[in-house]
Each structure stands twice: as C-alpha cells, then as structure tokens.
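Q: Below is the file coords-v1.txt, which contains compact mmCIF, C-alpha atoms.
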```txt
# COMPACT_ATOMS: atom_id res chain seq x y z
CA MET A 1 97.50 95.21 95.87
CA ARG A 2 99.76 97.98 94.67
CA PHE A 3 102.51 99.62 96.75
CA ASP A 4 104.08 102.88 95.53
CA VAL A 5 107.11 104.03 97.50
CA LEU A 6 108.35 107.62 97.32
CA THR A 7 112.06 107.50 98.15
CA LEU A 8 115.56 108.81 97.51
CA PHE A 9 116.87 105.24 97.26
CA PRO A 10 114.55 103.20 95.01
CA GLU A 11 117.16 100.47 94.57
CA MET A 12 116.82 99.61 98.28
CA ILE A 13 113.08 99.04 97.88
CA ASP A 14 113.49 97.06 94.66
CA TYR A 15 116.10 94.76 96.15
CA VAL A 16 114.48 94.01 99.52
CA CYS A 17 110.96 93.58 98.16
CA GLY A 18 112.21 91.45 95.29
CA GLN A 19 113.31 88.69 97.66
CA SER A 20 111.65 85.68 99.30
CA ILE A 21 107.87 85.46 99.77
CA ILE A 22 107.11 89.07 98.85
CA GLY A 23 109.25 88.78 95.73
CA ARG A 24 107.37 85.63 94.70
CA ALA A 25 104.03 87.34 95.36
CA GLU A 26 105.11 90.15 93.04
CA SER A 27 106.24 87.68 90.37
CA CYS A 28 102.82 85.99 90.59
CA GLY A 29 101.00 89.29 90.20
CA ILE A 30 99.39 89.24 93.66
CA ILE A 31 101.12 92.48 94.61
CA GLU A 32 102.93 95.27 92.76
CA VAL A 33 105.81 97.25 94.25
CA HIS A 34 106.88 100.44 92.47
CA ALA A 35 109.69 102.66 93.79
CA HIS A 36 109.70 106.29 92.65
CA ASN A 37 112.75 108.52 92.97
CA ILE A 38 111.81 111.85 94.54
CA ARG A 39 114.87 113.41 92.89
CA ASP A 40 113.16 112.99 89.53
CA TYR A 41 110.74 115.74 90.58
CA THR A 42 113.32 118.44 91.28
CA HIS A 43 113.87 121.37 88.91
CA ASP A 44 117.52 122.32 89.41
CA VAL A 45 120.65 120.94 87.80
CA HIS A 46 121.87 119.45 91.08
CA ARG A 47 118.56 117.61 91.73
CA LYS A 48 118.53 119.09 95.22
CA VAL A 49 115.90 117.61 97.55
CA ASP A 50 116.93 119.08 100.91
CA ASP A 51 117.66 122.38 102.61
CA THR A 52 118.50 123.83 106.01
CA PRO A 53 115.55 124.07 108.44
CA TYR A 54 114.07 127.42 109.36
CA GLY A 55 114.94 128.31 112.95
CA GLY A 56 118.25 126.47 112.80
CA GLY A 57 119.13 123.05 114.05
CA MET A 58 121.23 120.06 113.11
CA GLY A 59 121.13 118.44 109.68
CA MET A 60 119.07 118.98 106.56
CA LEU A 61 115.37 118.65 105.88
CA MET A 62 113.69 117.21 102.79
CA SER A 63 111.87 119.95 100.88
CA ALA A 64 108.13 119.91 100.29
CA PRO A 65 107.97 120.68 96.51
CA PRO A 66 109.64 117.53 95.11
CA ILE A 67 107.75 115.32 97.57
CA CYS A 68 104.38 116.82 96.70
CA GLU A 69 105.04 116.78 92.96
CA CYS A 70 106.19 113.15 93.13
CA HIS A 71 103.04 112.25 95.05
CA GLU A 72 100.82 114.05 92.54
CA ALA A 73 102.43 112.21 89.64
CA VAL A 74 102.15 108.82 91.35
CA MET A 75 98.50 109.42 92.26
CA LYS A 76 97.74 109.74 88.55
CA MET A 77 99.25 106.32 87.81
CA SER A 78 96.30 104.40 89.24
CA ASP A 79 92.70 105.02 90.21
CA LYS A 80 92.71 102.33 92.92
CA LYS A 81 91.47 103.09 96.44
CA THR A 82 94.57 104.67 97.97
CA ARG A 83 95.97 105.59 101.37
CA THR A 84 99.22 107.53 101.81
CA VAL A 85 101.47 106.64 104.73
CA TYR A 86 104.59 108.44 105.98
CA MET A 87 107.09 106.21 107.80
CA SER A 88 108.12 108.29 110.79
CA PRO A 89 109.28 107.75 114.41
CA THR A 90 106.59 110.26 115.39
CA GLY A 91 103.83 108.08 113.93
CA LYS A 92 101.52 105.59 115.62
CA PRO A 93 103.05 102.13 116.16
CA LEU A 94 102.62 99.53 113.44
CA THR A 95 100.52 96.63 114.74
CA GLN A 96 99.06 93.52 113.15
CA LYS A 97 95.63 95.14 113.48
CA LYS A 98 96.85 98.17 111.52
CA ALA A 99 98.40 95.90 108.87
CA LEU A 100 95.06 94.16 108.35
CA GLU A 101 93.32 97.53 108.14
CA LEU A 102 95.75 98.77 105.49
CA ALA A 103 95.33 95.52 103.56
CA GLY A 104 91.76 96.66 102.94
CA TYR A 105 93.01 99.33 100.54
CA GLU A 106 93.79 98.59 96.92
CA ARG A 107 96.92 100.72 97.00
CA LEU A 108 99.32 102.18 99.55
CA ILE A 109 101.60 105.10 98.79
CA ILE A 110 104.49 105.11 101.26
CA LEU A 111 106.65 108.19 101.81
CA CYS A 112 110.20 107.61 103.04
CA GLY A 113 111.87 110.47 104.86
CA HIS A 114 115.62 110.98 105.12
CA TYR A 115 118.13 113.29 106.78
CA GLU A 116 116.25 115.04 109.63
CA GLY A 117 112.85 114.25 108.12
CA VAL A 118 110.58 116.20 105.80
CA ASP A 119 109.08 119.67 105.66
CA ARG A 120 105.88 119.39 107.72
CA ARG A 121 103.86 120.97 104.93
CA ALA A 122 104.47 117.92 102.74
CA VAL A 123 103.00 115.70 105.45
CA GLU A 124 99.98 117.97 105.86
CA LEU A 125 99.37 118.15 102.10
CA VAL A 126 99.69 114.53 100.97
CA VAL A 127 99.85 112.13 103.94
CA ASP A 128 96.84 110.36 105.47
CA GLU A 129 98.66 108.89 108.45
CA GLU A 130 102.10 108.46 109.99
CA ILE A 131 103.34 105.04 111.08
CA SER A 132 106.35 104.05 113.20
CA ILE A 133 107.86 100.56 113.33
CA GLY A 134 109.36 101.09 116.79
CA ASP A 135 110.69 103.45 119.43
CA TYR A 136 114.02 104.08 117.75
CA VAL A 137 115.38 106.26 114.96
CA LEU A 138 116.81 105.04 111.64
CA THR A 139 118.74 106.94 108.96
CA GLY A 140 115.83 106.77 106.52
CA GLY A 141 112.35 105.44 105.87
CA GLU A 142 113.27 102.79 103.29
CA LEU A 143 113.70 99.88 105.70
CA PRO A 144 110.47 100.76 107.59
CA ALA A 145 108.67 100.95 104.22
CA CYS A 146 109.88 97.44 103.37
CA VAL A 147 108.71 96.25 106.80
CA LEU A 148 105.26 97.71 106.14
CA ILE A 149 105.05 96.12 102.68
CA ASP A 150 106.08 92.74 104.09
CA CYS A 151 103.69 92.99 107.05
CA VAL A 152 100.70 94.05 104.94
CA GLY A 153 101.59 91.94 101.89
CA ARG A 154 101.76 88.62 103.74
CA THR A 155 98.14 89.01 104.90
CA LEU A 156 96.84 89.10 101.33
CA GLU A 157 95.16 86.04 99.89
CA GLY A 158 97.55 83.83 97.96
CA VAL A 159 100.77 85.25 99.42
CA LEU A 160 101.07 82.56 102.12
CA ALA A 161 99.97 78.97 101.81
CA SER A 162 96.84 79.53 103.92
CA ALA A 163 95.24 82.08 106.23
CA GLU A 164 96.38 80.02 109.23
CA CYS A 165 99.97 81.00 108.43
CA HIS A 166 99.33 84.53 109.64
CA GLU A 167 96.33 84.00 111.92
CA ILE A 168 97.84 81.39 114.28
CA GLU A 169 101.18 82.99 115.11
CA SER A 170 102.79 85.48 117.45
CA ILE A 171 100.79 88.68 118.02
CA SER A 172 98.03 87.72 115.54
CA CYS A 173 96.61 85.15 117.97
CA GLY A 174 96.81 87.50 120.96
CA MET A 175 99.91 85.86 122.48
CA LEU A 176 103.41 84.94 121.38
CA GLU A 177 103.60 81.78 119.33
CA TYR A 178 104.60 78.52 121.02
CA PRO A 179 108.19 77.20 120.52
CA GLN A 180 108.62 74.87 117.55
CA TYR A 181 111.08 72.09 116.72
CA THR A 182 112.20 69.97 113.77
CA ARG A 183 114.64 67.07 113.20
CA PRO A 184 116.85 65.78 114.76
CA GLU A 185 115.02 64.74 117.94
CA GLU A 186 118.13 65.47 120.00
CA TYR A 187 120.78 68.09 119.34
CA ARG A 188 123.68 68.90 121.66
CA GLY A 189 121.88 67.42 124.64
CA LYS A 190 118.58 69.16 124.01
CA ARG A 191 115.57 67.02 123.10
CA VAL A 192 112.29 67.82 121.43
CA PRO A 193 109.51 67.72 124.09
CA GLU A 194 108.12 64.18 124.24
CA VAL A 195 104.51 65.33 123.86
CA LEU A 196 105.28 66.48 120.30
CA LEU A 197 106.50 63.01 119.35
CA GLY A 198 103.51 61.01 120.57
CA GLY A 199 100.91 61.90 117.95
CA ASN A 200 98.18 62.80 120.48
CA HIS A 201 96.82 65.95 118.87
CA LYS A 202 94.76 67.02 121.88
CA LYS A 203 97.80 66.84 124.17
CA ILE A 204 99.91 68.62 121.57
CA GLU A 205 97.34 71.42 121.35
CA GLU A 206 97.25 71.73 125.15
CA TYR A 207 101.05 71.77 125.35
CA ARG A 208 101.33 74.46 122.68
CA PHE A 209 98.77 76.66 124.42
CA GLU A 210 100.56 76.38 127.77
CA ALA A 211 103.96 76.95 126.15
CA ALA A 212 102.66 80.03 124.33
CA LEU A 213 101.14 81.35 127.56
CA GLU A 214 104.38 80.85 129.48
CA LEU A 215 106.48 82.51 126.77
CA THR A 216 104.10 85.46 126.65
CA ARG A 217 104.20 85.84 130.45
CA LYS A 218 108.00 85.87 130.29
CA ASN A 219 108.66 88.11 127.28
CA ARG A 220 105.48 90.14 126.64
CA PRO A 221 103.25 90.25 129.74
CA ASP A 222 101.62 93.39 128.30
CA LEU A 223 99.80 91.16 125.79
CA LEU A 224 97.96 89.21 128.49
```
Would you write out, as structure tokens, the structure that this file holds?

A:
Amino acid sequence: MRFDVLTLFPEMIDYVCGQSIIGRAESCGIIEVHAHNIRDYTHDVHRKVDDTPYGGGMGMLMSAPPICECHEAVMKMSDKKTRTVYMSPTGKPLTQKKALELAGYERLIILCGHYEGVDRRAVELVVDEEISIGDYVLTGGELPACVLIDCVGRTLEGVLASAECHEIESISCGMLEYPQYTRPEEYRGKRVPEVLLGGNHKKIEEYRFEAALELTRKNRPDLL
C-alpha cells in the first residue's frame, strides 16, 4: 500500500514512519511512505504557502493553490486506487473500522493542515473525507497523519506476525484488551495472577474474558 503525505514538514513524516514496525514494513516493501513538500508547489521567491483569512480572525490560513497543485502532481505519480484524506479536528473520528475500510484502498493521499487550517476550497476540490484522531487541537496535521499511517498500515498482511495481533486486542475485539504480564512472577509485592501460571488454557481464556470485561466497564463503558 502506498501513502502520500502532503505536508510543510516532510522530515517529520519520514522520521516517524521510518521507525519500528512501520519502518520495517516499508523496508520490506509492504508499504510505501512518500512525503511531499507543499512549498515546492509555490510560485514566489519566498515560497509562501499561507495568507490572512478573509473576514479577519486570528492566525494564517494555508492557501488553496499550492495544496491543489501538489495534489495534482502526486496523483500523477501512481494509478493505484486512491482516496484523499484531510487530517482535521472537524473530521469524523478515526476508528478501527475506518482503518480497515481505508486499508481496502491501494493508496492514501493524506493532507496535513497547519496554522489555522486550510482554505476550504482546497478541501472541496481534492479531499474525499476528513478524519480526526480526537477531540483536541494540534499545531499541525503531521502527527495525526503518522497515526493514520500506523493504524492502517498495521492491518495489512505481513506487517504484523499474524492477523490475531490486530484482531484480538483493544477496540478491535469490541472491548478493551485484558491485562497482560511477563517475568518476574512477583515485582514490588505485586504477583502475576495465579490462573496465568497454571497452564489450564480454558481457565486462562475465561479469566482474560472477565478481566477484559471488567476493564471495559471501568474505563470505556460506552463500548459495552
């Protein structure tokens, strides 16, 4: 799967997505991540990408022309089935269901806003949908774009060791995941639950279900 990110800070995308599991997936050729600098599509000596908003208001707004021209150029780089997403606090929330839906495309183009956002005409001209990663505001769309790439990328075949790695876990399974433990058996007075040490897989499965249910009731009752 190919990810093309339209951004003012391509080095952020390159660094974050070049690490850990997603970085290995890119090295193995399972995914591609390409960051494109929107400033490269300006036409003035100062490479200006923003301007004051009509009607007044605080801050600056990213201009439509460089965004649209960057998108047009990137679209020509591949003929894969593509969907364009704008990372925005006004978008619909990112969910695991949405990640799986987006994984069905061969390519995602992700637009990162900055400053006070982007000229609405750019969204109307090139964006298929807006996505938010939470009810808060960040300084730019680069971190949300990396979250989207990680969330979608890890569902692709070959990125994780097996499908169970993303199917039997928090949210994906409909509840929060059960608590997990590793060695040592006791640490600072806290012991691993005895049921996990006995080797009875049926009892372990029952314990994990009950523990997941209890954790979900406590922290995310809206999921039940």

Q: Might you pull out every residue within 12 Å of Met77 (chain A), with all atoms listed in the file counted and same-chain residues fewer than 6 positions away left off, and present them as an MDAnalysis selection string?

A: chainID A and resid 2:4 34 36 70:71 107 109

Q: Go through A:Glu205, A:Glu26, A:Glu130, A:Glu210 one by one, measure the shortest atom-to-atom distance of each to Asp150 (chain A) using only C-alpha atoms, and give the residue with the smallest value.

A: A:Glu26

Q: Of the candidates A:Ile13, A:Ile30, A:Met60, A:Leu111, which shows the shortest atom-to-atom distance to Val126 (chain A), using all atoms listed in the file?

A: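 Among the listed residues, the smallest separation from Val126 (chain A) belongs to A:Leu111.
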
Q: What does the distance from CA of Thr90 (chain A) to CA of Glu116 (chain A) come to in Å, to one decimal?

A: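 Here the two named atoms are 12.2 Å from each other.
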
Q: Between A:Ile110, A:Ile38, A:Ala212, A:Leu223, which one has atoms that come closest to Ile149 (chain A), using all atoms listed in the file?

A: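 Among A:Ile110, A:Ile38, A:Ala212, A:Leu223, it is A:Ile110 that comes nearest to Ile149 (chain A).
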
Q: What separation in Å, quoted to one decimal, exists between CA of Pro66 (chain A) and CA of Tyr41 (chain A)?

A: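 Computing it gives 5.0 Å between the two atoms.
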
Q: Between CA of Thr95 (chain A) and CA of Pro179 (chain A), what is the spacing in Å?

A: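 Value for the CA of Pro179 (chain A)-CA of Thr95 (chain A) distance: 21.7 Å.
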
Q: Give me the residues near Ala25 (chain A) as a VMD selection string, where near means some atom within 10 Å (using only C-alpha atoms) and where sequence neighbours in that chain fewer than 3 positions away do not count.

A: chain A and resid 17 to 22 28 to 32 153 to 154 156 158 to 160

Q: When distances are computed from all atoms listed in the file, which of A:Val152, A:Val49, A:Met87, A:Leu8 shows the smallest separation from Glu106 (chain A)?

A: A:Val152

Q: As a VMD selection string, please: the residues near region 191-202 of chain A (cut-off 12 Å, all atoms listed in the file, same-chain neighbours under 6 positions excluded).

A: chain A and resid 179 to 185 208 to 209 211

Q: List as a PyMOL selection string: which residues have an atom within 12 Å of (108.6, 109.7, 112.6), counting all atoms listed in the file?

A: chain A and resi 85-94+111-118+120+123+129-141+144

Q: Which residue gives the smallest distance to Val74 (chain A) among A:Leu100, A:Val5, A:Val33, A:Leu61, with only C-alpha atoms counted?

A: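 Between A:Leu100, A:Val5, A:Val33, A:Leu61, the residue approaching Val74 (chain A) most closely is A:Val5.
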
Q: Quick one: of A:Leu224, A:Cys173, A:Met1, A:Cys151, who's nearest to Ala99 (chain A), counting all atoms listed in the file?

A: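 Smallest separation from Ala99 (chain A) among the options: A:Cys151.
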